[in-house]
Structure formats: structure tokens, C-alpha cells
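S.K.: Can you read through this structure? Questions will come right after.
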Amino acid sequence: MLQIQNIRENKESIITALKKRNIDAEPMLSKVLELDEKRRSIQTELDATLAESNKLSKEIGLLFKTGKAQEANVLKEKTAGLKEASKKLGEDLNTTADELQQQLYLIPNVPHQSVPAGNSEEDNEEIFKEGDIPTLSEGALPHWELAKKYDIIDFELGVKITGAGFPVYKGKGARLQRALIAYFLDKNAEAGYTEMQVPLMVNEDSGYGTGQLPDKEGQMYHVQADDLYLIPTAEVPVTNLHRGDILAESDFPIKYTGYTPCFRREAGSYGAHVRGLNRLHQFDKVEIVRMEHPNNSYQALDDMVEHVKTILRELKLPYRILRLCGGDLGFTSALTFDFEVFSTAQDRWLEISSVSNFETYQANRLKLRYKDENGKSQLAHTLNGSALALPRVLAGILENYQTKNGINIPEVLAPYCGFTVID
């Protein structure tokens with residue numbers, strides 16, 4: 001959420017920056033400033049009314065003490081009117097503050113200056129590519145056919161139990177999933193991230209805290225009876241660990257990793273690009289989350305990018321990194337780098353990780369602050385990234401490591417799997 005003071009002082013530059021997202025933010029920002037002016041005006045009037053009421057109450061007490069009951073009763077009638085007025089002003093203040101908050105929720109984060117302009121994923125900027133794309137033998141199969149051939153993932157059984165987008169992993173497929181999770185967590189722990197096991201459902205405050213609400217309300221599974229949401233990513237509960245906290249500068253950096261299943265209602269379109277593991281309603285992901293001093297957050301972002309690179313190098317998967325354009329940038333992000341692995345059998349790139357800096361956008365919603373060297377409260381910066389999302393990593397392994405005699409397991413995963421080939 002943008003800071004009102006920043007909007008007040010830098011309205012025109014924010015409008016210009018948000019044009020990268022292909023939106024005209026002027027009406028929204030003007031509405032924010034109008035509501036903020038109204039809120040401050042009501043607050044000033046309320047403060048004056050309460051001050052007058054308190055002053056009269058003291059005078060009434062003195063009048064009663066000196067036996068001037070008639071004069072005191074006259075003032076009591078006046079204070080009754082002031083109390084009624086202050087009650088009405090308080091209600092108006094709450095209504096206006098709520099309207100202001102809801103308006104602020106509608107404004108996305110301001111893109112970093114390095115974010116390229118663009119309308120869609122077609123305009124994202126490739127900034128890095130590494131790894132050799134393997135040459136597969138004739139008759140190479142996409143992962144959904146390999147899954148059926150070797151009986152390691154059953155999509156139809158998932159439909160029977162739940163519905164489309166909920167696969168069942170079997171035998172060596174389940175063990176490979178478990179191996180990937182353990183490997184990712186171990187790599188993250190080696191890099192200084194503290195492992196956290198968090199709830200898979202969050203309350204509304206947590207959803208608003210990281211920006212999934214109200215922006216992605218229709219994409220989240222909502223347990224209405226308890227007003228809880230199934231998490232779309234571990235980012236939500238892990239970042240909310242520090243909602244409302246005031247940290248010391250010495251607490252930075254705070255680095256967490258966590259494995260969770262993730263639940264998203266957005267799946268459901270048809271075609272080869274969403275077949276198999278390409279898009280699911282439920283999938284596993286290992287996340288990294290950081291809380292940083294604002295001076296260090298972009299160095300932290302670079303460190304996270306390098307960390308994900310290390311994992312993909314060890315898996316020996318061909319990958320590339322994209323800097324997302326304004327039109328493809330997530331609502332809460334200031335700068336995002338997407339990692340994509342090349343699926344040889346599908347002859348296409350598959351997104352496997354997004355690494356993002358949200359600057360103060362989430363922290364302002366979370367009220368996540370720290371005391372600076374002068375003892376003044378400042379907003380922290382938050383970052384997160386996938387390290388990594390499993391479905392498309394698994395798809396890349398199955399397709400790129402397939403041979404005529406089976407599917408080889410990446411060397412780094414063999415100790416976790418307990419086998420070296422799926423045959």
C-alpha cells in the first residue's frame with residue numbers, strides 16, 4: 001500500500017511511474033488526497049470538540065464545588081450537545097478512514113525505475129540465460145505422457161477424488177516430490193534462511209497484509225464458515241509472522257524459508273499450455289522470504305536471484321531470467337525477476353520462480369516497522385521468491401532427463417530419492 005505522505009508529495013511522479021502498468025492513476029490518487037483532506041478536517045473538528053467538552057467539564061466541577069449549581073447545569077446541557085456532536089464526528093471519521101483505506105488498496109505498487117514498459121509477458125526483458133538444451137531422441141514425450149508411462153503421477157485419479165488440477169503422485173513420483181522439497185529446504189537453510197512451518201489457512205488480515213486481498217480475492221479458496229483463506233503461497237503466512245512488529249536495525253536481515261502446499265482457483269483454462277503439471281489448483285512450493293533495511297533490499301534481491309541460479313545449476317536444467325515489464329508485474333511488486341526452465345519435450349519455457357522486491361508496499365499494510373538510528377519508526381522492505389515451485393521443475397526434470405530406457409534423476413537429487421532412474 002502506498003504511503004499517503006508519498007502520494008501527497010510525489011503525486012505526479014507516481015502517476016508517471018504507474019503508466020508503466022498501463023493505468024491512469026490520476027483519478028485514484030486524487031480520490032485518496034480528497035479523502036485524506038476530509039479525514040484530517042474531521043479529525044481537527046473532533047479534536048476541537050473534545051477539547052471544548054473537557055474544558056467545560058472542568059468548569060462544571062468547579063461551579064458545583066462553589067455552590068453555583070444553576071450555572072453548572074446550564075453548562076451540562078452544552079456539554080451534552082458537544083458529546084452528541086463528537087459521537088457523530090467520530091462515526092464520520094471512521095467511515096472516511098475506511099473509505100480512504102479501501103481506496104489505497106486499489107492502487108498497485110510503483111514500479112522500480114528499471115522496470116521496462118510493456119503490455120504483457122511478450123514484453124518482458126530477457127536478462128540472463130544459462131544451460132544447454134538437451135537433444136532428445138526421436139519419440140520424446142511430454143511429462144504428462146511420461147507420468148502415465150511410468151505410473152508416477154495420476155491426473156485422472158485426482159479428478160475422481162477432487163477434480164481437475166489436483167494430481168496424485170505415486171511411487172517414485174511421490175518420492176521425487178519429497179526429494180525436491182527436502183533438497184530445496186536444505187539449500188535454503190545452507191544460505192542462512194530459517195525454516196518455518198506455517199498454517200495453510202490465513203485470516204483476512206493476513207490476506208490484506210501481503211496484498212492478496214482484495215486484489216486476488218476471486219483466486220483464493222475461501223472457507224466461509226470460518227472466514228479463512230487457503231494460502232496461494234507460503235509468502236502470505238511467513239511474511240505475516242512480523243505483522244505489527246517494530247524491529248531493531250540489528251534484526252536485519254530476517255530470512256525465512258518454508259514448504260507448503262499452495263491452493264489457487266485461477267487454473268481451469270484448456271490447451272496444451274495448461275496440461276499436466278503446467279497449471280494446477282494445488283501444488284507444492286518452497287518459498288524464501290526476507291525482511292530488509294531499505295538501504296539493503298536491492299542487494300538482497302540480487303542475492304536471492306543468485307541463490308535460485310545456484311539451485312538450477314545443480315539440477316542442470318536450462319533456464320533463463322526475465323525482468324517483468326509493467327504490464328506483467330504483480331500488483332504488489334516494485335521489481336520482479338521470473339525464472340523459466342526450458343521444457344524440451346514441449347519446446348517452451350515454463351515459469352518456475354518469481355523473485356520480487358515489494359519495497360515498503362507490504363510493510364505499510366503489515367505495519368512492519370523498525371527503529372532507525374534516531375529512534376524514529378520507519379517501514380521495512382519485504383521480498384520473496386520461489387526456491388522453487390515444484391510442478392514445473394518436476395516437469396522439466398521428467399522431460400529433459402528422459403532417455404529410451406527411463407528417466408534419469410539429477411545427480412544432486414539421487415541421495416534424497418534413494419534411486420537414480422525412473423524406469
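Chain labels run A, B, ... following the order of the C-alpha cells; each chain numbers its residues from 1, and ligands are numbered from 1 in the order shown.
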Near Gly209 (chain A), counting only C-alpha atoms, which residues have an atom at most 7 Å away, once you skip same-chain residues fewer than 3 positions from it, shown as a PyMOL selection string?

M.R.: chain A and resi 205-206+240+362+365-366

S.K.: Please identify which residues in region 71-276 of chain A DSSP calls helix (DSSP H, G or I) from the backbone, and express them as number ranges by chain.

M.R.: A: 71-105, 121-123, 143-149, 155-161, 172-190, 204-210, 217-219, 235-242, 249-251, 272-274

S.K.: Give me, as a PyMOL selection string, all polymer residues having an atom no more than 12 Å from Pro294 (chain A), counting only C-alpha atoms and skipping those fewer than 3 positions away in the same chain.

M.R.: chain A and resi 249+252-253+290-291+297-301+357-361+363+369-370+372+378-383

S.K.: Do you know which residues are at most 10 Å from Ile407 (chain A) counting only C-alpha atoms, after dropping those on the same chain fewer than 6 positions away, and could you put them as an NGL selection string?

M.R.: :A and (146 or 150 or 397-401 or 420-423)

S.K.: Would you output that residue set with C-alpha atoms, as a PDB file, in the first residue's frame?

M.R.:
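Result went into selection.pdb, see below:
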```pdb
ATOM      1  CA  LEU A 146       5.816 -39.845 -19.196  1.00  0.00           C
ATOM      2  CA  TYR A 150       5.944 -44.855 -15.716  1.00  0.00           C
ATOM      3  CA  ILE A 397      13.285 -32.937 -14.969  1.00  0.00           C
ATOM      4  CA  LEU A 398      10.983 -35.597 -16.420  1.00  0.00           C
ATOM      5  CA  GLU A 399      11.200 -34.187 -19.934  1.00  0.00           C
ATOM      6  CA  ASN A 400      14.842 -33.099 -20.086  1.00  0.00           C
ATOM      7  CA  TYR A 401      16.234 -36.174 -18.333  1.00  0.00           C
ATOM      8  CA  THR A 420      18.917 -42.882  -9.857  1.00  0.00           C
ATOM      9  CA  VAL A 421      16.387 -43.712 -12.567  1.00  0.00           C
ATOM     10  CA  ILE A 422      12.650 -43.994 -13.080  1.00  0.00           C
ATOM     11  CA  ASP A 423      12.004 -46.999 -15.308  1.00  0.00           C
TER      12      ASP A 423
END
```

S.K.: DSSP on the backbone, then: every residue of region 196-379 of chain A marked strand (DSSP E), written as a ChimeraX atom specification.

M.R.: /A:201-202,222-223,228-230,246-248,254-263,282-292,319-323,335-343,348-359,369-371,377-379

S.K.: Got a sec: who's within 8 Å of region 308-313 of chain A, counting only C-alpha atoms, leaving out chain neighbours fewer than 6 positions off, as a list in words?

M.R.: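 The neighbour list is Gly131, Phe184, Lys187, Tyr319, Ala387 and Leu388 of chain A.
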
S.K.: Create the file for the chosen residues now, containing C-alpha atoms and written as a short mmCIF file (atom, residue, chain, number, x, y, z; two decimals), in the first residue's frame.

M.R.:
```cif
data_model
loop_
_atom_site.label_atom_id
_atom_site.label_comp_id
_atom_site.auth_asym_id
_atom_site.auth_seq_id
_atom_site.Cartn_x
_atom_site.Cartn_y
_atom_site.Cartn_z
CA GLY A 131 22.44 -24.24 -19.56
CA PHE A 184 15.23 -27.04 -1.71
CA LYS A 187 19.80 -25.41 0.07
CA TYR A 319 16.88 -21.74 -17.63
CA ALA A 387 13.04 -21.63 -4.34
CA LEU A 388 11.39 -23.40 -6.00
#
```

S.K.: Counting only C-alpha atoms, give me one row per residue of region 16-95 of chain A with an atom at most 10 Å from an atom of region 111-114 of chain A, showing the shortest contact pair and its distance in Å to one decimal, sorted by chain then residue number, as JSON lines.

M.R.:
```
{"residue": "A:Ala17", "atom": "CA", "partner": "A:Pro111", "partner_atom": "CA", "distance": 6.4}
{"residue": "A:Leu18", "atom": "CA", "partner": "A:Pro111", "partner_atom": "CA", "distance": 6.8}
{"residue": "A:Lys19", "atom": "CA", "partner": "A:Pro111", "partner_atom": "CA", "distance": 9.4}
{"residue": "A:Lys20", "atom": "CA", "partner": "A:Pro111", "partner_atom": "CA", "distance": 7.4}
{"residue": "A:Arg21", "atom": "CA", "partner": "A:Pro111", "partner_atom": "CA", "distance": 7.9}
```

S.K.: Write the residues of the preceding selection, restricted to C-alpha atoms, as an mmCIF file, in the first residue's frame.

M.R.:
```
data_model
loop_
_atom_site.group_PDB
_atom_site.id
_atom_site.type_symbol
_atom_site.label_atom_id
_atom_site.label_comp_id
_atom_site.auth_asym_id
_atom_site.auth_seq_id
_atom_site.Cartn_x
_atom_site.Cartn_y
_atom_site.Cartn_z
ATOM 1 C CA ALA A 17 5.581 5.617 -12.923
ATOM 2 C CA LEU A 18 2.225 3.806 -12.843
ATOM 3 C CA LYS A 19 1.799 4.442 -16.568
ATOM 4 C CA LYS A 20 4.281 1.559 -16.953
ATOM 5 C CA ARG A 21 1.462 -0.616 -15.650
#
```

S.K.: Can you tell me which residues surround Lys170 (chain A) at a distance of at most 12 Å, considering only C-alpha atoms, apart from same-chain residues fewer than 5 positions away, and format the answer as an mmCIF file with N, CA and C atoms, in the first residue's frame?

M.R.:
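Written file, selection07.cif:
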```cif
data_model
loop_
_atom_site.group_PDB
_atom_site.id
_atom_site.type_symbol
_atom_site.label_atom_id
_atom_site.label_comp_id
_atom_site.auth_asym_id
_atom_site.auth_seq_id
_atom_site.Cartn_x
_atom_site.Cartn_y
_atom_site.Cartn_z
ATOM 1 N N ALA A 147 4.448 -39.406 -17.235
ATOM 2 C CA ALA A 147 3.843 -39.733 -15.942
ATOM 3 C C ALA A 147 2.957 -40.970 -16.050
ATOM 4 N N LYS A 148 2.224 -41.057 -17.145
ATOM 5 C CA LYS A 148 1.356 -42.221 -17.348
ATOM 6 C C LYS A 148 2.165 -43.462 -17.700
ATOM 7 N N TYR A 150 5.204 -44.291 -16.856
ATOM 8 C CA TYR A 150 5.944 -44.855 -15.716
ATOM 9 C C TYR A 150 5.105 -44.911 -14.442
ATOM 10 N N ASP A 151 3.826 -44.549 -14.545
ATOM 11 C CA ASP A 151 2.879 -44.653 -13.433
ATOM 12 C C ASP A 151 3.380 -43.903 -12.192
ATOM 13 N N ILE A 152 3.769 -42.644 -12.383
ATOM 14 C CA ILE A 152 4.281 -41.856 -11.264
ATOM 15 C C ILE A 152 3.372 -40.676 -10.887
ATOM 16 N N ILE A 153 2.495 -40.265 -11.792
ATOM 17 C CA ILE A 153 1.501 -39.227 -11.490
ATOM 18 C C ILE A 153 0.204 -39.637 -12.159
ATOM 19 N N ASP A 154 -0.886 -39.572 -11.394
ATOM 20 C CA ASP A 154 -2.183 -39.964 -11.931
ATOM 21 C C ASP A 154 -3.120 -38.762 -11.885
ATOM 22 N N PHE A 155 -3.332 -38.177 -13.053
ATOM 23 C CA PHE A 155 -4.204 -36.999 -13.120
ATOM 24 C C PHE A 155 -5.679 -37.384 -13.047
ATOM 25 N N LEU A 157 -6.990 -39.940 -11.466
ATOM 26 C CA LEU A 157 -7.341 -40.304 -10.094
ATOM 27 C C LEU A 157 -7.589 -39.060 -9.255
ATOM 28 N N GLY A 158 -6.823 -37.996 -9.529
ATOM 29 C CA GLY A 158 -7.052 -36.738 -8.835
ATOM 30 C C GLY A 158 -8.407 -36.149 -9.160
ATOM 31 N N ARG A 175 8.113 -39.921 -4.279
ATOM 32 C CA ARG A 175 9.426 -39.828 -3.640
ATOM 33 C C ARG A 175 10.269 -38.718 -4.261
ATOM 34 N N LEU A 176 10.121 -38.505 -5.566
ATOM 35 C CA LEU A 176 10.838 -37.415 -6.224
ATOM 36 C C LEU A 176 10.322 -36.060 -5.735
ATOM 37 N N GLN A 177 9.015 -35.966 -5.537
ATOM 38 C CA GLN A 177 8.445 -34.742 -4.961
ATOM 39 C C GLN A 177 9.056 -34.461 -3.595
ATOM 40 N N ARG A 178 9.054 -35.478 -2.748
ATOM 41 C CA ARG A 178 9.591 -35.332 -1.395
ATOM 42 C C ARG A 178 11.073 -34.969 -1.441
ATOM 43 N N ILE A 422 14.052 -43.562 -13.076
ATOM 44 C CA ILE A 422 12.650 -43.994 -13.080
ATOM 45 C C ILE A 422 12.459 -44.827 -14.334
#
```

S.K.: So what do you get for CA of Leu335 (chain A) versus CA of Arg323 (chain A), distance-wise?

M.R.: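 Here the two named atoms are 7.8 Å from each other.
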
S.K.: In Å to one decimal, how far is CA of Thr49 (chain A) from CA of Leu82 (chain A)?

M.R.: 6.4 Å

S.K.: Residues near Pro410 (chain A), anyone? I mean within 9 Å using only C-alpha atoms, not counting same-chain ones fewer than 2 positions away, as JSON, numbers by chain.

M.R.: {"A": [314, 315, 316, 397, 401, 408, 412, 413, 414, 420]}

S.K.: Let me make sure I understand: among A:Glu204, A:Asp284, A:Glu125, A:Asp98, which one has the smallest atom-to-atom distance to Phe166 (chain A) if we use only C-alpha atoms?

M.R.: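 Comparing A:Glu204, A:Asp284, A:Glu125, A:Asp98 against Phe166 (chain A), the winner is A:Asp284.
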
S.K.: Can you measure CA of Leu277 (chain A) to CA of Tyr193 (chain A) for me? One decimal in Å is fine.

M.R.: 27.7 Å

S.K.: Choose the residue, out of A:Gln282, A:Ser343, A:Thr16, A:Asn188, that has the smallest atom-to-atom separation from Met220 (chain A); count only C-alpha atoms.

M.R.: A:Gln282

S.K.: Which residue gives the smallest distance to Tyr183 (chain A) among A:Ile7, A:Cys262, A:Leu33, A:Leu390, with only C-alpha atoms counted?

M.R.: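 Checking each candidate against Tyr183 (chain A), we get A:Leu390 as the closest.
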
S.K.: Name the closest residue to Leu329 (chain A) among the candidates A:Ala72, A:Ala25, A:Ala179, A:Val115; distances are taken between atoms, counting only C-alpha atoms.

M.R.: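 Checking each candidate against Leu329 (chain A), we get A:Val115 as the closest.
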
S.K.: From the set A:His293, A:His143, A:Lys38, A:Lys255, which residue has the shortest atom-to-atom contact distance to Glu195 (chain A), counting only C-alpha atoms?

M.R.: A:Lys255

S.K.: With only C-alpha atoms as the atoms that count, which of A:Gly90, A:Pro108, A:Gly61, A:Pro318 lies nearest to Ile15 (chain A)?

M.R.: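 Using only C-alpha atoms, the shortest distance to Ile15 (chain A) belongs to A:Pro108.
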